[in-house]
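**Student:** See structure20.txt below, with compact mmCIF, N, CA and C atoms.
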```
# COMPACT_ATOMS: atom_id res chain seq x y z
N MET W 1 -78.50 -46.81 -86.89
CA MET W 1 -79.85 -46.42 -86.56
C MET W 1 -80.21 -46.97 -85.18
N LYS W 2 -80.98 -46.18 -84.47
CA LYS W 2 -81.41 -46.55 -83.13
C LYS W 2 -82.92 -46.68 -83.10
N SER W 3 -83.39 -47.45 -82.14
CA SER W 3 -84.84 -47.53 -81.97
C SER W 3 -85.32 -46.29 -81.23
N ALA W 4 -86.62 -46.06 -81.31
CA ALA W 4 -87.20 -44.91 -80.63
C ALA W 4 -86.98 -45.00 -79.13
N ARG W 5 -87.04 -46.19 -78.58
CA ARG W 5 -86.81 -46.37 -77.14
C ARG W 5 -85.39 -45.99 -76.75
N GLU W 6 -84.42 -46.34 -77.60
CA GLU W 6 -83.03 -45.97 -77.32
C GLU W 6 -82.83 -44.46 -77.36
N ILE W 7 -83.48 -43.82 -78.31
CA ILE W 7 -83.37 -42.36 -78.41
C ILE W 7 -84.01 -41.72 -77.18
N LEU W 8 -85.20 -42.20 -76.78
CA LEU W 8 -85.88 -41.64 -75.62
C LEU W 8 -85.08 -41.83 -74.33
N ALA W 9 -84.28 -42.88 -74.27
CA ALA W 9 -83.49 -43.14 -73.08
C ALA W 9 -82.08 -42.55 -73.17
N SER W 10 -81.75 -41.91 -74.29
CA SER W 10 -80.38 -41.44 -74.50
C SER W 10 -80.06 -40.19 -73.69
N GLU W 11 -78.79 -40.05 -73.38
CA GLU W 11 -78.30 -38.86 -72.68
C GLU W 11 -78.39 -37.64 -73.59
N GLU W 12 -78.24 -37.84 -74.88
CA GLU W 12 -78.32 -36.75 -75.84
C GLU W 12 -79.70 -36.08 -75.80
N LEU W 13 -80.76 -36.87 -75.74
CA LEU W 13 -82.10 -36.30 -75.64
C LEU W 13 -82.30 -35.61 -74.30
N ARG W 14 -81.78 -36.19 -73.24
CA ARG W 14 -81.89 -35.54 -71.92
C ARG W 14 -81.21 -34.18 -71.91
N ARG W 15 -80.02 -34.09 -72.52
CA ARG W 15 -79.32 -32.81 -72.61
C ARG W 15 -80.12 -31.80 -73.41
N LEU W 16 -80.72 -32.26 -74.50
CA LEU W 16 -81.51 -31.37 -75.35
C LEU W 16 -82.73 -30.85 -74.58
N VAL W 17 -83.42 -31.71 -73.87
CA VAL W 17 -84.59 -31.30 -73.09
C VAL W 17 -84.15 -30.34 -71.97
N ARG W 18 -83.05 -30.65 -71.32
CA ARG W 18 -82.54 -29.79 -70.25
C ARG W 18 -82.18 -28.40 -70.79
N ARG W 19 -81.55 -28.38 -71.97
CA ARG W 19 -81.17 -27.10 -72.58
C ARG W 19 -82.42 -26.29 -72.95
N LYS W 20 -83.44 -26.96 -73.48
CA LYS W 20 -84.68 -26.26 -73.83
C LYS W 20 -85.33 -25.66 -72.59
N TRP W 21 -85.40 -26.43 -71.51
CA TRP W 21 -86.00 -25.93 -70.28
C TRP W 21 -85.18 -24.79 -69.69
N THR W 22 -83.87 -24.90 -69.77
CA THR W 22 -83.01 -23.84 -69.24
C THR W 22 -83.24 -22.53 -69.98
N VAL W 23 -83.24 -22.58 -71.30
CA VAL W 23 -83.47 -21.37 -72.09
C VAL W 23 -84.87 -20.82 -71.80
N SER W 24 -85.86 -21.68 -71.76
CA SER W 24 -87.23 -21.24 -71.51
C SER W 24 -87.38 -20.59 -70.14
N VAL W 25 -86.80 -21.19 -69.13
CA VAL W 25 -86.92 -20.66 -67.77
C VAL W 25 -86.19 -19.33 -67.64
N ILE W 26 -85.01 -19.23 -68.21
CA ILE W 26 -84.25 -17.98 -68.13
C ILE W 26 -85.01 -16.84 -68.81
N LEU W 27 -85.53 -17.08 -70.00
CA LEU W 27 -86.27 -16.03 -70.70
C LEU W 27 -87.57 -15.69 -69.98
N THR W 28 -88.23 -16.69 -69.42
CA THR W 28 -89.46 -16.44 -68.65
C THR W 28 -89.16 -15.63 -67.41
N LEU W 29 -88.09 -15.96 -66.71
CA LEU W 29 -87.71 -15.18 -65.52
C LEU W 29 -87.37 -13.74 -65.89
N CYS W 30 -86.68 -13.56 -66.99
CA CYS W 30 -86.39 -12.18 -67.45
C CYS W 30 -87.68 -11.41 -67.69
N LEU W 31 -88.63 -12.04 -68.34
CA LEU W 31 -89.90 -11.37 -68.60
C LEU W 31 -90.64 -11.06 -67.31
N PHE W 32 -90.66 -12.01 -66.37
CA PHE W 32 -91.33 -11.78 -65.09
C PHE W 32 -90.68 -10.64 -64.32
N VAL W 33 -89.36 -10.59 -64.31
CA VAL W 33 -88.66 -9.52 -63.60
C VAL W 33 -89.02 -8.16 -64.20
N VAL W 34 -89.01 -8.07 -65.51
CA VAL W 34 -89.33 -6.80 -66.16
C VAL W 34 -90.79 -6.43 -65.92
N TYR W 35 -91.70 -7.35 -66.16
CA TYR W 35 -93.13 -7.05 -66.03
C TYR W 35 -93.50 -6.73 -64.59
N TYR W 36 -93.15 -7.62 -63.68
CA TYR W 36 -93.52 -7.38 -62.28
C TYR W 36 -92.71 -6.24 -61.66
N GLY W 37 -91.51 -6.01 -62.16
CA GLY W 37 -90.76 -4.84 -61.73
C GLY W 37 -91.48 -3.56 -62.11
N PHE W 38 -92.04 -3.53 -63.31
CA PHE W 38 -92.81 -2.36 -63.75
C PHE W 38 -94.06 -2.20 -62.90
N ILE W 39 -94.76 -3.29 -62.64
CA ILE W 39 -95.97 -3.23 -61.81
C ILE W 39 -95.62 -2.77 -60.39
N LEU W 40 -94.53 -3.28 -59.84
CA LEU W 40 -94.11 -2.84 -58.51
C LEU W 40 -93.72 -1.36 -58.51
N LEU W 41 -93.08 -0.93 -59.58
CA LEU W 41 -92.73 0.48 -59.69
C LEU W 41 -93.98 1.36 -59.70
N ILE W 42 -95.01 0.90 -60.37
CA ILE W 42 -96.28 1.63 -60.36
C ILE W 42 -96.84 1.69 -58.94
N ALA W 43 -96.77 0.57 -58.23
CA ALA W 43 -97.34 0.51 -56.88
C ALA W 43 -96.53 1.31 -55.88
N VAL W 44 -95.21 1.32 -56.02
CA VAL W 44 -94.34 1.90 -55.01
C VAL W 44 -94.02 3.37 -55.27
N ASP W 45 -93.80 3.74 -56.53
CA ASP W 45 -93.32 5.09 -56.82
C ASP W 45 -94.05 5.71 -58.01
N LYS W 46 -95.31 6.02 -57.80
CA LYS W 46 -96.10 6.63 -58.87
C LYS W 46 -95.54 7.99 -59.28
N ALA W 47 -94.98 8.70 -58.33
CA ALA W 47 -94.44 10.03 -58.63
C ALA W 47 -93.30 9.94 -59.64
N PHE W 48 -92.47 8.90 -59.53
CA PHE W 48 -91.38 8.71 -60.48
C PHE W 48 -91.92 8.52 -61.90
N LEU W 49 -92.94 7.70 -62.03
CA LEU W 49 -93.52 7.44 -63.35
C LEU W 49 -94.31 8.63 -63.88
N ALA W 50 -94.73 9.52 -62.99
CA ALA W 50 -95.51 10.70 -63.40
C ALA W 50 -94.64 11.85 -63.88
N ARG W 51 -93.33 11.70 -63.80
CA ARG W 51 -92.44 12.76 -64.27
C ARG W 51 -92.64 13.00 -65.76
N LYS W 52 -92.62 14.25 -66.12
CA LYS W 52 -92.81 14.62 -67.53
C LYS W 52 -91.57 14.31 -68.36
N VAL W 53 -91.82 13.74 -69.52
CA VAL W 53 -90.79 13.51 -70.53
C VAL W 53 -91.33 14.16 -71.80
N GLY W 54 -90.98 15.37 -72.01
CA GLY W 54 -91.56 16.11 -73.12
C GLY W 54 -92.77 16.89 -72.63
N ALA W 55 -93.52 17.41 -73.58
CA ALA W 55 -94.64 18.29 -73.23
C ALA W 55 -95.85 17.53 -72.68
N TYR W 56 -96.13 16.35 -73.23
CA TYR W 56 -97.36 15.66 -72.88
C TYR W 56 -97.18 14.25 -72.31
N THR W 57 -96.01 13.72 -72.41
CA THR W 57 -95.77 12.33 -72.03
C THR W 57 -95.11 12.23 -70.67
N THR W 58 -95.53 11.24 -69.90
CA THR W 58 -94.88 10.96 -68.62
C THR W 58 -93.90 9.80 -68.81
N LEU W 59 -93.05 9.61 -67.85
CA LEU W 59 -92.03 8.56 -67.92
C LEU W 59 -92.66 7.17 -67.97
N GLY W 60 -93.84 7.02 -67.41
CA GLY W 60 -94.51 5.71 -67.39
C GLY W 60 -94.83 5.18 -68.78
N ILE W 61 -95.13 6.06 -69.70
CA ILE W 61 -95.50 5.63 -71.06
C ILE W 61 -94.33 4.95 -71.77
N PRO W 62 -93.15 5.58 -71.88
CA PRO W 62 -92.05 4.89 -72.55
C PRO W 62 -91.60 3.63 -71.80
N LEU W 63 -91.70 3.64 -70.47
CA LEU W 63 -91.33 2.43 -69.73
C LEU W 63 -92.32 1.30 -70.01
N GLY W 64 -93.60 1.63 -70.09
CA GLY W 64 -94.61 0.62 -70.43
C GLY W 64 -94.39 0.07 -71.84
N VAL W 65 -94.07 0.94 -72.77
CA VAL W 65 -93.77 0.51 -74.13
C VAL W 65 -92.52 -0.37 -74.14
N ALA W 66 -91.54 -0.01 -73.33
CA ALA W 66 -90.31 -0.81 -73.24
C ALA W 66 -90.60 -2.22 -72.73
N VAL W 67 -91.52 -2.35 -71.78
CA VAL W 67 -91.89 -3.67 -71.28
C VAL W 67 -92.49 -4.51 -72.41
N ILE W 68 -93.36 -3.90 -73.20
CA ILE W 68 -93.98 -4.62 -74.32
C ILE W 68 -92.94 -5.00 -75.37
N VAL W 69 -92.09 -4.06 -75.72
CA VAL W 69 -91.06 -4.33 -76.74
C VAL W 69 -90.10 -5.40 -76.24
N LEU W 70 -89.73 -5.35 -74.96
CA LEU W 70 -88.83 -6.37 -74.43
C LEU W 70 -89.46 -7.75 -74.49
N SER W 71 -90.76 -7.84 -74.29
CA SER W 71 -91.41 -9.16 -74.40
C SER W 71 -91.30 -9.68 -75.83
N TRP W 72 -91.43 -8.79 -76.81
CA TRP W 72 -91.24 -9.20 -78.21
C TRP W 72 -89.81 -9.64 -78.46
N VAL W 73 -88.86 -8.90 -77.90
CA VAL W 73 -87.44 -9.23 -78.08
C VAL W 73 -87.12 -10.59 -77.46
N LEU W 74 -87.63 -10.84 -76.27
CA LEU W 74 -87.39 -12.14 -75.63
C LEU W 74 -88.01 -13.27 -76.43
N THR W 75 -89.18 -13.03 -76.99
CA THR W 75 -89.81 -14.03 -77.86
C THR W 75 -88.96 -14.26 -79.10
N ALA W 76 -88.46 -13.20 -79.69
CA ALA W 76 -87.61 -13.33 -80.88
C ALA W 76 -86.32 -14.08 -80.56
N ILE W 77 -85.77 -13.85 -79.39
CA ILE W 77 -84.56 -14.57 -78.97
C ILE W 77 -84.86 -16.06 -78.89
N TYR W 78 -86.00 -16.42 -78.28
CA TYR W 78 -86.36 -17.82 -78.17
C TYR W 78 -86.58 -18.44 -79.55
N VAL W 79 -87.28 -17.75 -80.42
CA VAL W 79 -87.55 -18.28 -81.77
C VAL W 79 -86.24 -18.46 -82.53
N ALA W 80 -85.34 -17.49 -82.44
CA ALA W 80 -84.05 -17.61 -83.12
C ALA W 80 -83.26 -18.78 -82.58
N TRP W 81 -83.26 -18.96 -81.26
CA TRP W 81 -82.54 -20.08 -80.66
C TRP W 81 -83.17 -21.40 -81.10
N ALA W 82 -84.49 -21.47 -81.05
CA ALA W 82 -85.19 -22.71 -81.41
C ALA W 82 -84.95 -23.05 -82.88
N ASN W 83 -85.06 -22.06 -83.75
CA ASN W 83 -84.87 -22.32 -85.18
C ASN W 83 -83.42 -22.65 -85.52
N GLY W 84 -82.50 -22.04 -84.81
CA GLY W 84 -81.09 -22.24 -85.14
C GLY W 84 -80.45 -23.45 -84.49
N SER W 85 -80.78 -23.70 -83.24
CA SER W 85 -80.08 -24.74 -82.48
C SER W 85 -80.98 -25.93 -82.15
N TYR W 86 -82.11 -25.63 -81.55
CA TYR W 86 -82.98 -26.69 -81.04
C TYR W 86 -83.56 -27.54 -82.17
N ASP W 87 -84.11 -26.90 -83.19
CA ASP W 87 -84.72 -27.66 -84.28
C ASP W 87 -83.70 -28.54 -85.00
N ALA W 88 -82.49 -28.04 -85.16
CA ALA W 88 -81.44 -28.84 -85.80
C ALA W 88 -81.11 -30.07 -84.96
N ALA W 89 -81.05 -29.91 -83.64
CA ALA W 89 -80.76 -31.04 -82.76
C ALA W 89 -81.90 -32.05 -82.77
N VAL W 90 -83.14 -31.57 -82.80
CA VAL W 90 -84.29 -32.48 -82.87
C VAL W 90 -84.27 -33.24 -84.19
N LYS W 91 -83.98 -32.55 -85.28
CA LYS W 91 -83.91 -33.20 -86.58
C LYS W 91 -82.84 -34.28 -86.60
N GLU W 92 -81.70 -33.97 -86.01
CA GLU W 92 -80.61 -34.94 -85.94
C GLU W 92 -81.03 -36.19 -85.16
N LEU W 93 -81.73 -35.98 -84.06
CA LEU W 93 -82.20 -37.13 -83.28
C LEU W 93 -83.26 -37.93 -84.02
N THR W 94 -84.18 -37.26 -84.70
CA THR W 94 -85.22 -38.00 -85.42
C THR W 94 -84.66 -38.76 -86.61
N GLU W 95 -83.58 -38.27 -87.18
CA GLU W 95 -82.95 -39.00 -88.29
C GLU W 95 -82.26 -40.27 -87.81
N GLN W 96 -81.95 -40.34 -86.54
CA GLN W 96 -81.30 -41.53 -85.99
C GLN W 96 -82.29 -42.67 -85.73
N VAL W 97 -83.57 -42.38 -85.74
CA VAL W 97 -84.59 -43.39 -85.44
C VAL W 97 -84.81 -44.26 -86.65
N GLU W 98 -84.76 -45.56 -86.44
CA GLU W 98 -85.03 -46.48 -87.54
C GLU W 98 -86.53 -46.68 -87.69
N ASP W 99 -86.94 -46.90 -88.89
CA ASP W 99 -88.37 -47.08 -89.17
C ASP W 99 -88.86 -48.45 -88.76
```
In structure tokens, what does this structure look like?

**Tutor:**
Amino acid sequence: MKSAREILASEELRRLVRRKWTVSVILTLCLFVVYYGFILLIAVDKAFLARKVGAYTTLGIPLGVAVIVLSWVLTAIYVAWANGSYDAAVKELTEQVED
């Protein structure tokens, strides 16, 4: 068993924090690229988004829906990673702390 101070100073905790930040930053950057890419596409090439896809829908509608769905997917990826890997590592570290 280790003291809380030893756990806080451990390399294992540093790796865990670094891994959490890495996953968070990568997923956030993916979301920013998709969202701001869509906004830039609206600003730069409205004619492209105005193309008809079917009788009543333009290309902008499914692309906008795709941006929303992708944000849900990225959130689900983070939750799956956190529940599967991160939470287990945190639990392992907290079990090492002596009372």

**Student:** Which value, in Å to one decimal, gives the distance between atom N of W:Tyr36 and atom N of W:Val67?

**Tutor:** 9.8 Å

**Student:** Which polymer residues have any atom within 6.5 Å of an atom of stretch 83-96 of chain W, counting only N, CA and C atoms, with same-chain residues fewer than 6 positions away left out, as a PyMOL selection string?

**Tutor:** chain W and resi 1-3

**Student:** Could you write out the selected residues, including N, CA and C atoms, as a short mmCIF file (atom, residue, chain, number, x, y, z; two decimals), keeping the file's coordinate frame?

**Tutor:**
```cif
data_model
loop_
_atom_site.label_atom_id
_atom_site.label_comp_id
_atom_site.auth_asym_id
_atom_site.auth_seq_id
_atom_site.Cartn_x
_atom_site.Cartn_y
_atom_site.Cartn_z
N MET W 1 -78.50 -46.81 -86.89
CA MET W 1 -79.85 -46.42 -86.56
C MET W 1 -80.21 -46.97 -85.18
N LYS W 2 -80.98 -46.18 -84.47
CA LYS W 2 -81.41 -46.55 -83.13
C LYS W 2 -82.92 -46.68 -83.10
N SER W 3 -83.39 -47.45 -82.14
CA SER W 3 -84.84 -47.53 -81.97
C SER W 3 -85.32 -46.29 -81.23
#
```

**Student:** Enumerate the residues of chain W with a DSSP assignment of alpha helix (DSSP H), computed from the backbone, and present them as a ChimeraX atom specification.

**Tutor:** /W:4-8,11-44,46-49,60-81,87-95

**Student:** Of the candidates W:Val97, W:Ile77, W:Ile68, W:Leu59, which one gets nearest to W:Tyr35 if we count only C-alpha atoms?

**Tutor:**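 Answer, going by the shortest atom-to-atom distance: W:Ile68.
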
**Student:** In Å, rounded to a single decimal, give me how far atom CA of W:Ile61 is from atom CA of W:Ala47.

**Tutor:**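 Atom CA of W:Ile61 lies 13.2 Å from atom CA of W:Ala47.
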
**Student:** When DSSP is applied to the backbone of this structure, which of chain W are assigned strand (DSSP E or B)? Write them out as a PyMOL selection string.

**Tutor:** chain W and resi 2+52+58+97

**Student:** Rank nothing, just name the residue among W:Leu31, W:Thr57, W:Arg14, W:Glu6 nearest to W:Leu74, using only N, CA and C atoms.

**Tutor:**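 That would be W:Leu31, the residue with the smallest distance to W:Leu74.
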
**Student:** Could you rebuild stretch 76-87 of chain W with all heavy atoms and give it back as a PDB file, in the coordinates of the input?

**Tutor:**
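Here's the written file part-v3.pdb:
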```
ATOM      1  N   ALA W  76     -88.460 -13.200 -79.690  1.00  0.00           N
ATOM      2  CA  ALA W  76     -87.610 -13.330 -80.880  1.00  0.00           C
ATOM      3  C   ALA W  76     -86.320 -14.080 -80.560  1.00  0.00           C
ATOM      4  O   ALA W  76     -85.847 -14.885 -81.373  1.00  0.00           O
ATOM      5  CB  ALA W  76     -87.287 -11.949 -81.448  1.00  0.00           C
ATOM      6  N   ILE W  77     -85.770 -13.850 -79.390  1.00  0.00           N
ATOM      7  CA  ILE W  77     -84.560 -14.570 -78.970  1.00  0.00           C
ATOM      8  C   ILE W  77     -84.860 -16.060 -78.890  1.00  0.00           C
ATOM      9  O   ILE W  77     -84.094 -16.901 -79.371  1.00  0.00           O
ATOM     10  CB  ILE W  77     -84.033 -14.036 -77.620  1.00  0.00           C
ATOM     11  CG1 ILE W  77     -83.433 -12.640 -77.813  1.00  0.00           C
ATOM     12  CG2 ILE W  77     -83.010 -14.987 -77.004  1.00  0.00           C
ATOM     13  CD1 ILE W  77     -83.119 -11.920 -76.516  1.00  0.00           C
ATOM     14  N   TYR W  78     -86.000 -16.420 -78.280  1.00  0.00           N
ATOM     15  CA  TYR W  78     -86.360 -17.820 -78.170  1.00  0.00           C
ATOM     16  C   TYR W  78     -86.580 -18.440 -79.550  1.00  0.00           C
ATOM     17  O   TYR W  78     -86.099 -19.545 -79.827  1.00  0.00           O
ATOM     18  CB  TYR W  78     -87.613 -18.023 -77.310  1.00  0.00           C
ATOM     19  CG  TYR W  78     -87.982 -19.474 -77.196  1.00  0.00           C
ATOM     20  CD1 TYR W  78     -87.313 -20.289 -76.292  1.00  0.00           C
ATOM     21  CD2 TYR W  78     -88.943 -20.042 -78.012  1.00  0.00           C
ATOM     22  CE1 TYR W  78     -87.603 -21.639 -76.203  1.00  0.00           C
ATOM     23  CE2 TYR W  78     -89.245 -21.386 -77.931  1.00  0.00           C
ATOM     24  CZ  TYR W  78     -88.574 -22.173 -77.021  1.00  0.00           C
ATOM     25  OH  TYR W  78     -88.859 -23.508 -76.953  1.00  0.00           O
ATOM     26  N   VAL W  79     -87.280 -17.750 -80.420  1.00  0.00           N
ATOM     27  CA  VAL W  79     -87.550 -18.280 -81.770  1.00  0.00           C
ATOM     28  C   VAL W  79     -86.240 -18.460 -82.530  1.00  0.00           C
ATOM     29  O   VAL W  79     -86.033 -19.487 -83.191  1.00  0.00           O
ATOM     30  CB  VAL W  79     -88.523 -17.354 -82.529  1.00  0.00           C
ATOM     31  CG1 VAL W  79     -88.605 -17.719 -84.005  1.00  0.00           C
ATOM     32  CG2 VAL W  79     -89.904 -17.408 -81.887  1.00  0.00           C
ATOM     33  N   ALA W  80     -85.340 -17.490 -82.440  1.00  0.00           N
ATOM     34  CA  ALA W  80     -84.050 -17.610 -83.120  1.00  0.00           C
ATOM     35  C   ALA W  80     -83.260 -18.780 -82.580  1.00  0.00           C
ATOM     36  O   ALA W  80     -82.652 -19.549 -83.346  1.00  0.00           O
ATOM     37  CB  ALA W  80     -83.262 -16.309 -82.974  1.00  0.00           C
ATOM     38  N   TRP W  81     -83.260 -18.960 -81.260  1.00  0.00           N
ATOM     39  CA  TRP W  81     -82.540 -20.080 -80.660  1.00  0.00           C
ATOM     40  C   TRP W  81     -83.170 -21.400 -81.100  1.00  0.00           C
ATOM     41  O   TRP W  81     -82.471 -22.342 -81.479  1.00  0.00           O
ATOM     42  CB  TRP W  81     -82.548 -19.982 -79.133  1.00  0.00           C
ATOM     43  CG  TRP W  81     -82.008 -21.217 -78.494  1.00  0.00           C
ATOM     44  CD1 TRP W  81     -80.699 -21.542 -78.332  1.00  0.00           C
ATOM     45  CD2 TRP W  81     -82.759 -22.312 -77.973  1.00  0.00           C
ATOM     46  NE1 TRP W  81     -80.592 -22.772 -77.739  1.00  0.00           N
ATOM     47  CE2 TRP W  81     -81.845 -23.268 -77.514  1.00  0.00           C
ATOM     48  CE3 TRP W  81     -84.119 -22.575 -77.859  1.00  0.00           C
ATOM     49  CZ2 TRP W  81     -82.248 -24.474 -76.939  1.00  0.00           C
ATOM     50  CZ3 TRP W  81     -84.524 -23.765 -77.296  1.00  0.00           C
ATOM     51  CH2 TRP W  81     -83.591 -24.697 -76.840  1.00  0.00           C
ATOM     52  N   ALA W  82     -84.490 -21.470 -81.050  1.00  0.00           N
ATOM     53  CA  ALA W  82     -85.190 -22.710 -81.410  1.00  0.00           C
ATOM     54  C   ALA W  82     -84.950 -23.050 -82.880  1.00  0.00           C
ATOM     55  O   ALA W  82     -84.657 -24.205 -83.212  1.00  0.00           O
ATOM     56  CB  ALA W  82     -86.681 -22.585 -81.126  1.00  0.00           C
ATOM     57  N   ASN W  83     -85.060 -22.060 -83.750  1.00  0.00           N
ATOM     58  CA  ASN W  83     -84.870 -22.320 -85.180  1.00  0.00           C
ATOM     59  C   ASN W  83     -83.420 -22.650 -85.520  1.00  0.00           C
ATOM     60  O   ASN W  83     -83.156 -23.449 -86.414  1.00  0.00           O
ATOM     61  CB  ASN W  83     -85.324 -21.121 -86.016  1.00  0.00           C
ATOM     62  CG  ASN W  83     -86.823 -20.972 -86.021  1.00  0.00           C
ATOM     63  OD1 ASN W  83     -87.566 -21.895 -85.716  1.00  0.00           O
ATOM     64  ND2 ASN W  83     -87.280 -19.784 -86.352  1.00  0.00           N
ATOM     65  N   GLY W  84     -82.500 -22.040 -84.810  1.00  0.00           N
ATOM     66  CA  GLY W  84     -81.090 -22.240 -85.140  1.00  0.00           C
ATOM     67  C   GLY W  84     -80.450 -23.450 -84.490  1.00  0.00           C
ATOM     68  O   GLY W  84     -79.669 -24.158 -85.117  1.00  0.00           O
ATOM     69  N   SER W  85     -80.780 -23.700 -83.240  1.00  0.00           N
ATOM     70  CA  SER W  85     -80.080 -24.740 -82.480  1.00  0.00           C
ATOM     71  C   SER W  85     -80.980 -25.930 -82.150  1.00  0.00           C
ATOM     72  O   SER W  85     -80.664 -27.070 -82.453  1.00  0.00           O
ATOM     73  CB  SER W  85     -79.522 -24.126 -81.198  1.00  0.00           C
ATOM     74  OG  SER W  85     -78.936 -25.097 -80.392  1.00  0.00           O
ATOM     75  N   TYR W  86     -82.110 -25.630 -81.550  1.00  0.00           N
ATOM     76  CA  TYR W  86     -82.980 -26.690 -81.040  1.00  0.00           C
ATOM     77  C   TYR W  86     -83.560 -27.540 -82.170  1.00  0.00           C
ATOM     78  O   TYR W  86     -83.523 -28.769 -82.105  1.00  0.00           O
ATOM     79  CB  TYR W  86     -84.098 -26.065 -80.196  1.00  0.00           C
ATOM     80  CG  TYR W  86     -85.056 -27.070 -79.629  1.00  0.00           C
ATOM     81  CD1 TYR W  86     -84.692 -27.885 -78.561  1.00  0.00           C
ATOM     82  CD2 TYR W  86     -86.329 -27.216 -80.161  1.00  0.00           C
ATOM     83  CE1 TYR W  86     -85.565 -28.812 -78.039  1.00  0.00           C
ATOM     84  CE2 TYR W  86     -87.209 -28.137 -79.643  1.00  0.00           C
ATOM     85  CZ  TYR W  86     -86.828 -28.932 -78.586  1.00  0.00           C
ATOM     86  OH  TYR W  86     -87.695 -29.866 -78.077  1.00  0.00           O
ATOM     87  N   ASP W  87     -84.110 -26.900 -83.190  1.00  0.00           N
ATOM     88  CA  ASP W  87     -84.720 -27.660 -84.280  1.00  0.00           C
ATOM     89  C   ASP W  87     -83.700 -28.540 -85.000  1.00  0.00           C
ATOM     90  O   ASP W  87     -84.022 -29.666 -85.402  1.00  0.00           O
ATOM     91  CB  ASP W  87     -85.396 -26.717 -85.279  1.00  0.00           C
ATOM     92  CG  ASP W  87     -86.667 -26.097 -84.734  1.00  0.00           C
ATOM     93  OD1 ASP W  87     -87.157 -26.565 -83.681  1.00  0.00           O
ATOM     94  OD2 ASP W  87     -87.171 -25.143 -85.355  1.00  0.00           O
TER      95      ASP W  87
END
```
